[in-house]
>>> print(open('run.cif').read())   # mmCIF, C-alpha atoms and all ligand atoms
data_work
loop_
_atom_site.label_atom_id
_atom_site.label_comp_id
_atom_site.auth_asym_id
_atom_site.auth_seq_id
_atom_site.Cartn_x
_atom_site.Cartn_y
_atom_site.Cartn_z
CA MET A 1 65.20 16.07 4.07
CA ALA A 2 65.08 17.30 7.67
CA TYR A 3 61.86 18.57 9.26
CA ARG A 4 62.36 22.32 9.79
CA VAL A 5 61.07 24.24 12.81
CA LEU A 6 61.15 28.04 13.21
CA PHE A 7 60.69 29.74 16.60
CA VAL A 8 59.48 33.34 16.40
CA CYS A 9 59.30 36.16 18.96
CA LEU A 10 59.42 39.95 18.70
CA GLY A 11 63.13 40.83 18.81
CA ASN A 12 64.80 37.41 18.31
CA ILE A 13 67.15 38.20 21.20
CA CYS A 14 65.34 36.64 24.18
CA ARG A 15 62.59 34.03 23.82
CA SER A 16 63.01 32.53 20.34
CA PRO A 17 66.81 32.11 20.41
CA ALA A 18 66.38 30.48 23.84
CA ALA A 19 63.66 28.20 22.41
CA GLU A 20 66.00 27.23 19.56
CA ILE A 21 68.87 26.42 21.96
CA VAL A 22 66.71 24.46 24.42
CA PHE A 23 64.93 22.62 21.59
CA ASN A 24 68.22 21.66 19.90
CA ALA A 25 69.45 20.13 23.17
CA ALA A 26 66.21 18.12 23.50
CA ILE A 27 66.47 17.00 19.86
CA GLU A 28 69.99 15.77 20.49
CA ARG A 29 68.94 13.89 23.66
CA ALA A 30 66.09 12.28 21.70
CA GLY A 31 68.48 11.06 19.01
CA LEU A 32 66.73 13.19 16.35
CA LYS A 33 69.72 15.36 15.42
CA GLY A 34 69.91 15.56 11.62
CA ARG A 35 66.22 14.65 11.23
CA VAL A 36 64.94 17.91 12.73
CA LYS A 37 66.46 21.37 12.16
CA ALA A 38 65.65 24.53 14.12
CA ASP A 39 66.08 28.24 13.55
CA SER A 40 64.64 31.39 15.14
CA CYS A 41 63.73 34.91 14.09
CA GLY A 42 61.78 37.99 15.19
CA THR A 43 58.78 39.83 13.79
CA ALA A 44 60.58 43.17 14.36
CA SER A 45 63.93 44.23 12.96
CA TYR A 46 65.27 46.46 15.78
CA HIS A 47 67.87 43.89 16.86
CA THR A 48 68.82 42.35 13.51
CA GLY A 49 72.42 41.08 13.54
CA GLU A 50 72.71 41.15 17.33
CA LYS A 51 73.64 38.33 19.69
CA PRO A 52 70.95 37.19 22.13
CA ASP A 53 70.37 39.54 25.08
CA HIS A 54 73.15 39.06 27.69
CA ARG A 55 70.50 38.46 30.38
CA MET A 56 69.06 35.56 28.35
CA LEU A 57 72.53 34.16 27.69
CA ALA A 58 73.20 34.28 31.45
CA ALA A 59 69.91 32.47 32.21
CA LEU A 60 70.71 29.83 29.59
CA GLU A 61 74.17 29.38 31.07
CA ARG A 62 72.67 28.96 34.57
CA ALA A 63 70.50 26.17 33.13
CA GLY A 64 73.47 24.48 31.43
CA TYR A 65 73.08 25.67 27.82
CA ALA A 66 75.56 27.39 25.51
CA TRP A 67 74.86 29.89 22.72
CA GLY A 68 75.55 28.39 19.28
CA GLY A 69 76.32 31.66 17.46
CA HIS A 70 72.83 32.67 16.29
CA ARG A 71 72.37 36.33 15.29
CA ALA A 72 68.98 38.02 15.25
CA ARG A 73 67.10 38.15 11.98
CA THR A 74 63.63 39.25 10.90
CA PHE A 75 60.84 36.93 9.75
CA CYS A 76 60.15 37.13 6.01
CA ARG A 77 57.45 35.62 3.77
CA ALA A 78 59.96 33.12 2.30
CA ASP A 79 60.08 31.51 5.76
CA PHE A 80 56.64 30.05 5.03
CA GLU A 81 58.29 27.99 2.28
CA ARG A 82 61.51 27.23 4.15
CA PHE A 83 59.92 25.79 7.29
CA ASP A 84 57.44 23.03 8.07
CA LEU A 85 56.38 24.37 11.47
CA ILE A 86 56.43 28.03 12.60
CA ILE A 87 56.06 28.60 16.36
CA PRO A 88 55.28 32.11 17.62
CA GLN A 89 56.00 32.60 21.32
CA ASP A 90 53.02 34.84 22.11
CA GLU A 91 49.69 35.92 20.65
CA SER A 92 51.04 39.17 19.26
CA ASN A 93 53.82 37.33 17.40
CA ARG A 94 51.20 34.87 16.12
CA ASN A 95 48.94 37.62 14.78
CA ASP A 96 51.88 39.34 13.09
CA ILE A 97 52.97 36.11 11.36
CA LEU A 98 49.43 35.19 10.33
CA SER A 99 48.96 38.64 8.77
CA LEU A 100 51.80 37.73 6.36
CA ALA A 101 50.46 34.29 5.38
CA SER A 102 49.24 34.12 1.80
CA GLY A 103 46.70 31.36 2.28
CA ALA A 104 45.37 28.52 4.41
CA GLU A 105 48.32 26.23 3.70
CA GLN A 106 50.83 28.77 5.02
CA ALA A 107 48.62 29.71 7.98
CA ALA A 108 48.33 26.02 8.93
CA LYS A 109 52.09 25.88 9.53
CA VAL A 110 51.74 28.39 12.38
CA ARG A 111 51.12 26.93 15.84
CA PRO A 112 51.64 28.84 19.09
CA MET A 113 54.24 27.60 21.59
CA SER A 114 51.35 27.21 24.05
CA ASP A 115 50.13 24.21 22.00
CA TRP A 116 52.83 22.28 23.90
CA PHE A 117 52.03 23.65 27.38
CA GLY A 118 50.82 21.01 29.83
CA PRO A 119 47.42 21.22 31.56
CA ASP A 120 49.00 22.56 34.77
CA GLU A 121 50.90 25.40 33.07
CA HIS A 122 49.70 28.74 34.42
CA GLU A 123 51.08 30.77 31.50
CA ARG A 124 48.97 31.09 28.36
CA GLU A 125 51.93 32.18 26.19
CA VAL A 126 55.70 32.64 26.59
CA PRO A 127 55.91 35.94 28.52
CA ASP A 128 58.25 38.64 27.29
CA PRO A 129 61.06 38.88 29.90
CA TYR A 130 62.70 41.96 28.31
CA TYR A 131 61.53 44.60 30.79
CA GLY A 132 61.83 42.45 33.92
CA GLY A 133 64.55 41.00 36.15
CA PRO A 134 66.66 37.83 35.96
CA ALA A 135 63.96 35.62 37.52
CA GLY A 136 61.78 36.25 34.46
CA PHE A 137 64.51 34.98 32.16
CA ASP A 138 65.00 31.85 34.29
CA ALA A 139 61.24 31.24 34.27
CA VAL A 140 61.15 31.52 30.46
CA VAL A 141 63.98 28.97 30.12
CA ARG A 142 62.12 26.51 32.39
CA LEU A 143 58.82 27.06 30.53
CA LEU A 144 60.62 26.48 27.22
CA GLU A 145 62.21 23.30 28.58
CA ARG A 146 58.76 21.89 29.44
CA ALA A 147 57.17 22.96 26.14
CA THR A 148 60.02 21.87 23.85
CA GLU A 149 60.13 18.47 25.57
CA ALA A 150 56.46 17.96 24.62
CA LEU A 151 57.17 19.24 21.10
CA VAL A 152 60.05 16.77 20.67
CA GLN A 153 57.76 13.92 21.79
CA GLU A 154 55.32 14.96 19.05
CA LEU A 155 58.11 15.19 16.45
CA ARG A 156 59.24 11.63 17.17
CA GLU A 157 56.21 10.69 15.08
CA VAL A 158 57.00 12.83 11.97
P1 LIG B 201 62.06 38.86 22.52
O1 LIG B 201 62.17 40.03 23.59
O2 LIG B 201 60.91 39.17 21.61
O3 LIG B 201 61.79 37.65 23.38
O4 LIG B 201 63.40 38.80 21.80
C1 LIG B 201 62.22 41.39 23.26
C2 LIG B 201 63.34 41.90 22.66
C3 LIG B 201 63.39 43.25 22.38
C4 LIG B 201 62.34 44.07 22.68
C5 LIG B 201 61.20 43.53 23.26
C6 LIG B 201 61.14 42.19 23.55
N1 LIG B 201 62.42 45.44 22.40
O5 LIG B 201 61.46 46.17 22.71
O6 LIG B 201 63.45 45.93 21.86
#
>>> encode(input="run.cif", output="structure tokens")
Amino acid sequence: MAYRVLFVCLGNICRSPAAEIVFNAAIERAGLKGRVKADSCGTASYHTGEKPDHRMLAALERAGYAWGGHRARTFCRADFERFDLIIPQDESNRNDILSLASGAEQAAKVRPMSDWFGPDEHEREVPDPYYGGPAGFDAVVRLLERATEALVQELREV
């Protein structure tokens, strides 16, 4: 059975779908396709059913990635059973997810994206690019490339 990873942000239209896309590309490069499966979702339901934000799709395209068809969905408690590793993009997402965990075993599946930031990273979480300009979206894609590369290195051992 594949190891299942879930990326979580607020709306599931910017950061977490980008994390899923960038991670899937890194998994493929690492030869782990089929052994690791990724999905993404949001803690809020405002954008459920929508495509990723067009500004994030444009930033992904600039970096050489293509959208795979994901539509926004909301995190639910069953995700604690469906996934092995749940990765909130910022502290607020992390607190929201942890408030839904029913015990220590579920809570232990939750690790912030910043666990895979290098020592020189100046961000402490994946910043929300929603209210900013295109440069913020490009910066998020590059941050996610660095973090997911480190995550894939860790998953080589699972
Ligand atoms: P995301 O970005 O959590 O990275 O998908 C946002 C998407 C939508 C909103 C905020 C952040 N919003 O306020 O609708």
>>> residues_near_ligand(input="run.cif", ligand="ligand LIG 201 (chain B)", cutoff="6 Å", atoms="only C-alpha atoms and all ligand atoms", output="list of chain:residue names")
A:Cys9, A:Leu10, A:Gly11, A:Asn12, A:Ile13, A:Cys14, A:Arg15, A:Asp128, A:Tyr130
>>> closest_residue(input="run.cif", among="A:Thr48, A:Val36, A:Pro129, A:Ser92", to="A:Pro112", atoms="only C-alpha atoms")
A:Ser92
>>> closest_residue(input="run.cif", among="A:Glu81, A:Asp53, A:Ala135, A:Val22", to="A:Ala147", atoms="all atoms listed in the file")
A:Val22
>>> residues_around(input="run.cif", residues="A:Glu91", least_positions_apart="3", cutoff="12 Å", atoms="only C-alpha atoms", output="list in words")
Val8, Cys9, Leu10, Ile87, Pro88, Arg94, Asn95, Asp96, Ile97, Leu98, Val110, Arg111, Pro112, Met113, Ser114, Asp115, Arg124, Glu125, Val126, Pro127 and Asp128 of chain A
>>> residues_around(input="run.cif", residues="A:Ser40", least_positions_apart="6", cutoff="6 Å", atoms="all atoms listed in the file", output="list in words")
Leu6, Phe7, Val8, Ser16 and Pro17 of chain A
>>> write_last_selection(input="run.cif", atoms="C-alpha atoms", output="PDB file, in the coordinates of the input")
ATOM      1  CA  LEU A   6      61.150  28.040  13.210  1.00  0.00           C
ATOM      2  CA  PHE A   7      60.690  29.740  16.600  1.00  0.00           C
ATOM      3  CA  VAL A   8      59.480  33.340  16.400  1.00  0.00           C
ATOM      4  CA  SER A  16      63.010  32.530  20.340  1.00  0.00           C
ATOM      5  CA  PRO A  17      66.810  32.110  20.410  1.00  0.00           C
TER       6      PRO A  17
END
>>> closest_residue(input="run.cif", among="A:Ala38, A:Leu85, A:Ala150, A:Ala18", to="A:Lys51", atoms="all atoms listed in the file")
A:Ala18
>>> residues_near_point(input="run.cif", point="(72.2, 36.6, 19.3)", cutoff="6 Å", atoms="all atoms listed in the file", output="ChimeraX atom specification")
/A:13,50-52,70-72
>>> residues_around(input="run.cif", residues="A:Glu149", least_positions_apart="4", cutoff="8 Å", atoms="all atoms listed in the file", output="JSON, numbers by chain")
{"A": [23, 26, 145, 153]}
>>> atom_distance(input="run.cif", atom1="atom CA of A:Arg146", atom2="atom CA of A:Pro134")
18.9 Å
>>> closest_residue(input="run.cif", among="A:Asp138, A:Phe80, A:Ala30, A:Gln89", to="A:Ala108", atoms="only C-alpha atoms")
A:Phe80
>>> closest_residue(input="run.cif", among="A:His122, A:Arg142, A:Arg82, A:Arg73", to="A:Tyr46", atoms="all atoms listed in the file")
A:Arg73
>>> closest_residue(input="run.cif", among="A:Tyr3, A:Tyr65, A:Phe75, A:Phe137", to="A:Val152", atoms="only C-alpha atoms")
A:Tyr3
>>> atom_distance(input="run.cif", atom1="atom CA of A:Gly49", atom2="atom CA of A:Thr74")
9.4 Å
>>> residues_near_point(input="run.cif", point="(70.9, 17.7, 10.9)", cutoff="12 Å", atoms="all atoms listed in the file", output="list of chain:residue names")
A:Met1, A:Ala2, A:Tyr3, A:Arg4, A:Val5, A:Asn24, A:Ile27, A:Glu28, A:Gly31, A:Leu32, A:Lys33, A:Gly34, A:Arg35, A:Val36, A:Lys37, A:Ala38, A:Asp39
>>> write_last_selection(input="run.cif", atoms="C-alpha atoms", output="CSV table (one decimal), in the coordinates of the input")
chain,number,residue,atom,x,y,z
A,1,MET,CA,65.2,16.1,4.1
A,2,ALA,CA,65.1,17.3,7.7
A,3,TYR,CA,61.9,18.6,9.3
A,4,ARG,CA,62.4,22.3,9.8
A,5,VAL,CA,61.1,24.2,12.8
A,24,ASN,CA,68.2,21.7,19.9
A,27,ILE,CA,66.5,17.0,19.9
A,28,GLU,CA,70.0,15.8,20.5
A,31,GLY,CA,68.5,11.1,19.0
A,32,LEU,CA,66.7,13.2,16.4
A,33,LYS,CA,69.7,15.4,15.4
A,34,GLY,CA,69.9,15.6,11.6
A,35,ARG,CA,66.2,14.6,11.2
A,36,VAL,CA,64.9,17.9,12.7
A,37,LYS,CA,66.5,21.4,12.2
A,38,ALA,CA,65.6,24.5,14.1
A,39,ASP,CA,66.1,28.2,13.6
>>> atom_distance(input="run.cif", atom1="atom CA of A:Asn93", atom2="atom CA of A:Arg55")
21.2 Å
>>> axis_aligned_box(input="run.cif", around="stretch 5-21 of chain A", padding_each_side="6 Å", output="JSON")
{"center_x": 64.1, "center_y": 32.5, "center_z": 18.5, "size_x": 21.6, "size_y": 28.6, "size_z": 23.4}
